[in-house]
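S.K.: Data: query_27.txt, compact mmCIF, C-alpha atoms and all ligand atoms.
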```txt
# COMPACT_ATOMS: atom_id res chain seq x y z
CA MET D 1 0.00 0.00 0.00
CA GLY D 2 1.24 3.47 -0.84
CA ARG D 3 2.21 5.94 1.83
CA LYS D 4 -0.53 8.48 2.49
CA PHE D 5 0.77 12.03 2.13
CA VAL D 6 0.78 13.74 5.54
CA VAL D 7 1.14 17.47 6.05
CA GLY D 8 1.71 18.96 9.48
CA GLY D 9 1.39 22.60 10.41
CA ASN D 10 3.63 23.50 13.31
CA TRP D 11 2.30 26.79 14.62
CA LYS D 12 5.10 26.97 17.20
CA MET D 13 4.51 29.76 19.77
CA ASN D 14 2.30 31.83 17.50
CA GLY D 15 -1.30 32.93 17.32
CA ASP D 16 -3.94 34.18 19.68
CA LYS D 17 -7.52 33.05 20.01
CA LYS D 18 -8.64 35.23 17.13
CA GLN D 19 -5.86 34.09 14.80
CA VAL D 20 -6.17 30.40 15.57
CA THR D 21 -9.91 30.66 14.91
CA GLU D 22 -9.20 32.32 11.56
CA ILE D 23 -6.68 29.64 10.58
CA VAL D 24 -9.22 26.92 11.31
CA GLU D 25 -11.84 28.80 9.28
CA THR D 26 -9.41 28.96 6.34
CA LEU D 27 -8.75 25.22 6.61
CA LYS D 28 -12.48 24.48 6.77
CA LYS D 29 -12.99 26.42 3.55
CA GLY D 30 -10.01 24.67 1.97
CA PRO D 31 -10.79 22.77 -0.03
CA LEU D 32 -8.21 20.30 1.29
CA ASP D 33 -7.25 17.24 -0.72
CA PRO D 34 -9.18 14.41 0.99
CA ASN D 35 -6.32 12.01 0.21
CA VAL D 36 -3.94 13.95 2.44
CA GLU D 37 -3.72 13.58 6.20
CA VAL D 38 -3.58 16.99 7.88
CA VAL D 39 -2.25 17.52 11.41
CA ILE D 40 -1.98 20.92 13.06
CA GLY D 41 0.52 21.45 15.88
CA VAL D 42 -1.09 23.86 18.29
CA PRO D 43 0.33 25.72 21.32
CA ALA D 44 -0.62 23.80 24.47
CA ILE D 45 -2.89 26.52 25.78
CA TYR D 46 -5.10 26.39 22.66
CA LEU D 47 -5.17 22.61 22.20
CA ALA D 48 -8.60 22.03 23.74
CA TYR D 49 -10.12 25.04 22.01
CA VAL D 50 -8.76 24.14 18.57
CA GLN D 51 -9.73 20.48 19.04
CA SER D 52 -13.29 21.70 19.74
CA ILE D 53 -13.56 23.70 16.50
CA VAL D 54 -11.71 21.59 13.89
CA PRO D 55 -13.59 19.28 11.57
CA GLY D 56 -12.98 15.57 12.09
CA THR D 57 -10.85 15.47 8.95
CA ILE D 58 -8.10 17.52 10.63
CA SER D 59 -6.04 16.13 13.49
CA VAL D 60 -4.58 18.15 16.32
CA ALA D 61 -1.07 17.72 17.72
CA ALA D 62 0.66 19.04 20.79
CA GLN D 63 4.13 20.43 20.10
CA ASN D 64 5.76 18.67 23.04
CA CYS D 65 4.90 16.58 26.09
CA TRP D 66 6.56 15.07 29.11
CA LYS D 67 7.62 11.44 29.55
CA VAL D 68 5.34 10.36 32.39
CA ALA D 69 1.57 10.52 32.91
CA LYS D 70 1.34 12.93 35.83
CA GLY D 71 3.13 14.30 38.85
CA ALA D 72 5.30 17.13 40.08
CA PHE D 73 6.53 18.47 36.73
CA THR D 74 5.58 22.12 36.82
CA GLY D 75 4.71 23.51 33.43
CA GLU D 76 4.58 20.20 31.60
CA ILE D 77 1.70 18.34 29.93
CA SER D 78 1.37 14.58 29.50
CA PRO D 79 0.16 12.37 26.65
CA ALA D 80 -2.76 11.37 28.89
CA MET D 81 -3.83 15.02 29.07
CA ILE D 82 -3.43 15.50 25.33
CA LYS D 83 -5.61 12.45 24.71
CA ASP D 84 -8.07 13.61 27.35
CA ILE D 85 -8.95 16.75 25.37
CA GLY D 86 -9.37 14.66 22.20
CA ALA D 87 -6.09 15.32 20.40
CA ASN D 88 -4.22 12.32 19.03
CA TRP D 89 -0.80 13.53 17.98
CA VAL D 90 2.35 15.04 19.42
CA ILE D 91 5.39 16.53 17.73
CA LEU D 92 8.58 15.43 19.53
CA GLY D 93 12.27 16.19 19.15
CA HIS D 94 11.81 19.37 17.15
CA SER D 95 15.17 21.08 16.64
CA GLU D 96 13.97 24.06 18.67
CA ARG D 97 13.34 21.70 21.59
CA ARG D 98 16.74 20.13 21.05
CA THR D 99 18.75 23.34 20.72
CA ILE D 100 16.90 25.96 22.79
CA PHE D 101 15.67 23.62 25.52
CA GLY D 102 18.59 21.19 25.49
CA GLU D 103 16.66 18.00 24.72
CA LYS D 104 19.04 15.17 23.99
CA ASP D 105 18.40 12.07 21.85
CA GLU D 106 17.75 9.99 24.99
CA LEU D 107 15.11 12.33 26.39
CA VAL D 108 13.39 12.59 23.01
CA ALA D 109 13.35 8.78 22.88
CA GLU D 110 11.83 8.53 26.37
CA LYS D 111 9.12 10.98 25.36
CA VAL D 112 8.43 9.10 22.14
CA ALA D 113 8.15 5.79 24.03
CA HIS D 114 5.75 7.19 26.60
CA ALA D 115 3.61 9.00 24.02
CA LEU D 116 3.26 5.85 21.91
CA GLU D 117 2.51 3.70 24.97
CA ASN D 118 -0.33 6.08 25.74
CA GLY D 119 -1.83 5.87 22.29
CA LEU D 120 -0.62 9.11 20.76
CA LYS D 121 0.72 9.26 17.24
CA VAL D 122 4.11 10.89 17.02
CA ILE D 123 5.81 13.18 14.54
CA ALA D 124 9.46 12.59 15.45
CA CYS D 125 11.84 15.27 14.18
CA ILE D 126 15.43 14.83 13.14
CA GLY D 127 17.88 16.96 11.20
CA GLU D 128 21.39 18.32 11.00
CA THR D 129 22.75 21.83 11.61
CA LEU D 130 24.55 23.81 8.92
CA GLU D 131 27.88 23.10 10.62
CA GLU D 132 27.17 19.37 10.58
CA ARG D 133 26.12 19.45 6.91
CA GLU D 134 29.22 21.38 5.92
CA ALA D 135 31.36 18.89 7.83
CA GLY D 136 29.77 16.08 5.76
CA LYS D 137 28.02 14.68 8.81
CA THR D 138 24.38 14.89 7.70
CA GLU D 139 23.85 11.14 7.52
CA GLU D 140 25.81 10.44 10.69
CA VAL D 141 23.60 12.89 12.60
CA VAL D 142 20.20 11.79 11.28
CA PHE D 143 21.12 8.12 11.67
CA ARG D 144 22.25 8.76 15.27
CA GLN D 145 19.01 10.62 16.05
CA THR D 146 16.91 7.87 14.46
CA LYS D 147 18.87 5.09 16.13
CA ALA D 148 18.02 6.54 19.54
CA LEU D 149 14.35 6.19 18.60
CA LEU D 150 14.44 2.52 17.56
CA PRO D 151 13.93 0.94 21.00
CA ALA D 152 11.39 3.64 21.88
CA ILE D 153 9.30 2.89 18.81
CA GLY D 154 9.67 -0.90 18.88
CA ASN D 155 6.91 -2.34 16.70
CA ASN D 156 4.86 0.83 16.85
CA TRP D 157 6.11 2.30 13.57
CA ALA D 158 2.57 2.56 12.19
CA ASN D 159 1.99 5.39 14.67
CA VAL D 160 5.14 7.32 13.81
CA VAL D 161 5.91 9.85 11.12
CA LEU D 162 9.52 10.96 10.76
CA ALA D 163 10.12 14.63 9.97
CA TYR D 164 13.45 15.42 8.38
CA GLU D 165 14.07 19.07 9.13
CA PRO D 166 17.54 20.37 8.36
CA VAL D 167 18.11 23.01 11.03
CA TRP D 168 19.66 25.41 8.52
CA ALA D 169 16.42 25.42 6.52
CA ILE D 170 14.09 26.17 9.42
CA GLY D 171 12.69 29.70 9.41
CA THR D 172 15.55 30.87 7.20
CA GLY D 173 13.88 30.94 3.80
CA LYS D 174 16.63 28.50 2.68
CA THR D 175 14.74 25.41 1.59
CA ALA D 176 16.69 22.23 1.01
CA SER D 177 16.65 21.58 -2.71
CA PRO D 178 14.34 18.74 -3.72
CA GLN D 179 17.47 16.69 -4.49
CA GLN D 180 19.05 17.41 -1.10
CA ALA D 181 15.86 16.44 0.71
CA GLN D 182 15.26 13.39 -1.48
CA ASP D 183 18.85 12.18 -0.91
CA VAL D 184 18.52 12.28 2.87
CA HIS D 185 15.06 10.66 2.80
CA ALA D 186 16.33 7.87 0.57
CA SER D 187 19.36 7.18 2.74
CA LEU D 188 17.18 7.20 5.83
CA ARG D 189 15.00 4.57 4.23
CA ASN D 190 18.06 2.47 3.40
CA TRP D 191 19.27 2.83 6.95
CA LEU D 192 15.84 1.86 8.31
CA SER D 193 15.77 -1.18 6.07
CA ALA D 194 19.01 -2.41 7.60
CA ASN D 195 18.39 -1.29 11.18
CA ALA D 196 14.63 -1.54 11.71
CA SER D 197 13.16 -3.69 8.93
CA PRO D 198 12.55 -3.54 5.18
CA ASP D 199 8.84 -3.25 5.94
CA VAL D 200 9.38 -0.20 8.19
CA ALA D 201 11.60 1.35 5.54
CA THR D 202 8.95 1.09 2.84
CA SER D 203 5.96 1.98 4.99
CA VAL D 204 7.14 4.82 7.25
CA ARG D 205 6.22 8.28 6.08
CA ILE D 206 9.04 10.83 6.03
CA GLN D 207 8.08 14.49 5.98
CA TYR D 208 10.36 17.27 4.89
CA GLY D 209 10.41 20.48 6.94
CA GLY D 210 12.23 23.77 6.53
CA SER D 211 10.95 26.85 4.69
CA VAL D 212 8.25 24.95 2.82
CA THR D 213 5.92 27.36 1.02
CA GLY D 214 3.04 27.25 -1.40
CA ALA D 215 5.58 28.05 -4.10
CA ASN D 216 8.08 25.23 -3.50
CA ALA D 217 5.80 22.48 -2.15
CA LYS D 218 4.85 20.90 -5.47
CA GLU D 219 8.41 20.28 -6.60
CA LEU D 220 9.40 18.85 -3.20
CA ALA D 221 6.25 16.71 -3.14
CA SER D 222 7.17 15.14 -6.47
CA CYS D 223 10.23 13.46 -4.92
CA PRO D 224 9.58 9.74 -4.44
CA ASP D 225 10.71 9.57 -0.81
CA ILE D 226 9.07 12.79 0.42
CA ASP D 227 5.73 11.78 1.94
CA GLY D 228 4.60 15.11 3.29
CA PHE D 229 5.74 18.25 5.02
CA LEU D 230 6.12 19.75 8.45
CA VAL D 231 5.44 23.42 7.92
CA GLY D 232 6.25 26.28 10.27
CA GLY D 233 5.71 29.87 9.15
CA ALA D 234 3.55 29.08 6.13
CA SER D 235 1.17 26.98 8.26
CA LEU D 236 -0.13 30.23 9.76
CA LYS D 237 -1.07 31.55 6.34
CA PRO D 238 -3.72 30.67 3.73
CA GLU D 239 -0.98 29.17 1.54
CA PHE D 240 -1.00 26.18 3.90
CA VAL D 241 -3.98 25.00 1.84
CA ASP D 242 -1.77 24.97 -1.28
CA ILE D 243 0.89 23.01 0.61
CA VAL D 244 -1.67 20.41 1.71
CA ASN D 245 -2.79 20.16 -1.93
CA ALA D 246 0.74 19.95 -3.33
CA THR D 247 0.28 16.46 -4.77
CA GLN D 248 -2.83 17.37 -6.74
O1 LIG J 301 10.39 23.97 12.00
C1 LIG J 301 9.63 23.85 11.06
C2 LIG J 301 8.42 23.00 11.18
O2 LIG J 301 8.49 22.21 12.33
C3 LIG J 301 9.83 24.57 9.79
O3 LIG J 301 9.65 25.91 10.01
P1 LIG J 301 9.56 26.91 8.76
O4 LIG J 301 8.57 26.30 7.81
O5 LIG J 301 9.08 28.20 9.35
O6 LIG J 301 10.93 26.98 8.17
```
Render the structure in this file as structure tokens.
M.R.:
Amino acid sequence: MGRKFVVGGNWKMNGDKKQVTEIVETLKKGPLDPNVEVVIGVPAIYLAYVQSIVPGTISVAAQNCWKVAKGAFTGEISPAMIKDIGANWVILGHSERRTIFGEKDELVAEKVAHALENGLKVIACIGETLEEREAGKTEEVVFRQTKALLPAIGNNWANVVLAYEPVWAIGTGKTASPQQAQDVHASLRNWLSANASPDVATSVRIQYGGSVTGANAKELASCPDIDGFLVGGASLKPEFVDIVNATQ
């Protein structure tokens, strides 16, 4: 079976009640390609509200969560809470979490394991910095980050989407070229075939993220190993509809 295209909008720490309502209105008008899975990553404080106003065809994701169900972890939210308000997804290991908040591979893996155990679907983010790319370490870095996830995911790959987001392309307007993105996605699949299983390698969806726009989405989407996008800035704008529809 083919891999269903999956487009995530990562709103990051943006929006207020008025703006998030407007974004949802825009998505409702669409029209959105019914063959594409759409997941919006909402700031924690608006999760319940957005979940209450989105149509059933759009899924809601938290942008982070903690690695246990409850307890003395001031400021954190758990997968159980995310599920409790009706959302089914969480974005984990985003490069902003890794760099600004110091999340290491091991912590990301613990979060992924706990989220999956509690029935959330996970968008797990990986990607190299500019320094790492220029040092020829792109594959080494994304393989290391993915390897840390293997025991956390176990046989739960059906509930995981990988998001390859080169850090140098995030919020910079510098998109990876379709060839650069395709190359990394293809080598990730090869690596997964050898280190997870051939079945995981062919079935897992790999999103590209980093300065995706309505203007460049179609070309990126035409690459055989790009199965969707994780979109930051443009997910706040009407052009997100064009990105969702990029395979049409
Ligand atoms: O980080 C991203 C999505 O998670 C990408 O952000 P931009 O689309 O703003 O570059």
S.K.: Mind running region 28-95 of chain D against region 218-239 of chain D at 12 Å and telling me each contacting residue's nearest atom pair with the distance in Å (one decimal), counting all atoms listed in the file, chain and number ascending, as a tab-separated table?
M.R.:
```
residue	atom	partner	partner_atom	distance
D:Lys28	CA	D:Pro238	CA	11.1
D:Lys29	CA	D:Pro238	CA	10.2
D:Gly30	CA	D:Pro238	CA	8.9
D:Pro31	CA	D:Pro238	CA	11.2
D:Leu32	CA	D:Glu239	CA	11.4
D:Asn35	CA	D:Gly228	CA	11.8
D:Val36	CA	D:Gly228	CA	8.7
D:Glu37	CA	D:Gly228	CA	8.9
D:Val38	CA	D:Gly228	CA	9.6
D:Val39	CA	D:Leu230	CA	9.2
D:Ile40	CA	D:Ser235	CA	8.3
D:Gly41	CA	D:Gly232	CA	9.4
D:Val42	CA	D:Leu236	CA	10.7
D:Ala61	CA	D:Leu230	CA	11.9
D:Gln63	CA	D:Gly232	CA	11.6
D:Ile91	CA	D:Leu230	CA	9.8
D:His94	CA	D:Leu230	CA	10.4
```
S.K.: May I ask for the distance between atom C1 of ligand LIG 301 (chain J) and CA of Arg133 (chain D), given in Å to one decimal place?
M.R.: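 About the pair atom C1 of ligand LIG 301 (chain J) and CA of Arg133 (chain D): they are 17.6 Å apart.
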S.K.: Measure the distance from CA of Ala152 (chain D) to CA of Asn64 (chain D) in Å and round it to one decimal.
M.R.: 16.1 Å
S.K.: Kindly provide, as number ranges by chain, all nucleotide and amino acid residues lying within 9 Å of ligand LIG 301 (chain J), counting only C-alpha atoms and all ligand atoms.
M.R.: D: 8-12, 41, 91, 94-96, 125, 163, 165-175, 208-213, 229-235
S.K.: Go ahead and fit an axis-aligned box to every listed atom of region 207-223 of chain D plus 8 Å each side, and pass me the centre and edge lengths in Å, one decimal, as JSON.
M.R.:
```
{"center_x": 7.6, "center_y": 20.8, "center_z": 0.2, "size_x": 25.2, "size_y": 30.6, "size_z": 29.5}
```
S.K.: Using all atoms listed in the file, which protein or nucleic acid residues come within 10 Å of Leu192 (chain D)? Drop anything in the same chain fewer than 3 positions from it, and give the result as a list in words.
M.R.: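 My list of contacting residues is Phe143, Thr146, Lys147, Leu150, Ala186, Ser187, Leu188, Arg189, Asn195, Ala196, Ser197, Pro198, Asp199, Val200, Ala201, Thr202 and Val204 of chain D.
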S.K.: So what do you get for CA of Ala87 (chain D) versus CA of Thr99 (chain D), distance-wise?
M.R.: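 That distance, rounded to one decimal, is 26.1 Å.
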S.K.: As an mmCIF file with C-alpha atoms, in the frame of the given file, please: the residues near Arg144 (chain D) (cut-off 12 Å, all atoms listed in the file, same-chain neighbours under 3 positions excluded).
M.R.:
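Result saved to around_28.cif:
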```
data_model
loop_
_atom_site.group_PDB
_atom_site.id
_atom_site.type_symbol
_atom_site.label_atom_id
_atom_site.label_comp_id
_atom_site.auth_asym_id
_atom_site.auth_seq_id
_atom_site.Cartn_x
_atom_site.Cartn_y
_atom_site.Cartn_z
ATOM 1 C CA LYS D 104 19.040 15.170 23.990
ATOM 2 C CA ASP D 105 18.400 12.070 21.850
ATOM 3 C CA GLU D 106 17.750 9.990 24.990
ATOM 4 C CA ALA D 109 13.350 8.780 22.880
ATOM 5 C CA ILE D 126 15.430 14.830 13.140
ATOM 6 C CA GLY D 127 17.880 16.960 11.200
ATOM 7 C CA GLU D 128 21.390 18.320 11.000
ATOM 8 C CA LYS D 137 28.020 14.680 8.810
ATOM 9 C CA THR D 138 24.380 14.890 7.700
ATOM 10 C CA GLU D 139 23.850 11.140 7.520
ATOM 11 C CA GLU D 140 25.810 10.440 10.690
ATOM 12 C CA VAL D 141 23.600 12.890 12.600
ATOM 13 C CA LYS D 147 18.870 5.090 16.130
ATOM 14 C CA ALA D 148 18.020 6.540 19.540
ATOM 15 C CA LEU D 149 14.350 6.190 18.600
ATOM 16 C CA LEU D 150 14.440 2.520 17.560
ATOM 17 C CA LEU D 188 17.180 7.200 5.830
ATOM 18 C CA TRP D 191 19.270 2.830 6.950
ATOM 19 C CA LEU D 192 15.840 1.860 8.310
ATOM 20 C CA ASN D 195 18.390 -1.290 11.180
#
```
S.K.: Using all atoms listed in the file, which of D:Phe240, D:Phe101, D:Trp157, D:Tyr46 sits nearest Ala62 (chain D)?
M.R.: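 Closest candidate: D:Tyr46.
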S.K.: Give me the residues near Ala158 (chain D) as an NGL selection string, where near means some atom within 10 Å (using all atoms listed in the file) and where sequence neighbours in that chain fewer than 5 positions away do not count.
M.R.: :D and (121-122 or 153 or 200 or 203-205)
S.K.: Can you work out which one of D:Asp33, D:Gly214, D:Ile45, D:Asp242 has the shortest atom-to-atom distance to Glu76 (chain D), counting only C-alpha atoms?
M.R.: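 Closest to Glu76 (chain D), using only C-alpha atoms: D:Ile45.
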S.K.: I need the residue nearest Ile243 (chain D) from this list: D:Ala215, D:Val54, D:Val184, D:Ala69. Use all atoms listed in the file for the distance.
M.R.: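 For Ile243 (chain D), the nearest of the candidates is D:Ala215.
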S.K.: May I ask which of the residues D:Ala72, D:Ser78, D:Val90, D:Asn216 is the closest one to Ser59 (chain D), counting all atoms listed in the file?
M.R.: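 Of all the options, D:Val90 lies closest to Ser59 (chain D).
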S.K.: Tell me which of D:Glu110, D:Asn118, D:Tyr164, D:Ala217 sits closest to Gln180 (chain D), counting only C-alpha atoms.
M.R.: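 When distances to Gln180 (chain D) are compared using only C-alpha atoms, the smallest one comes from D:Tyr164.
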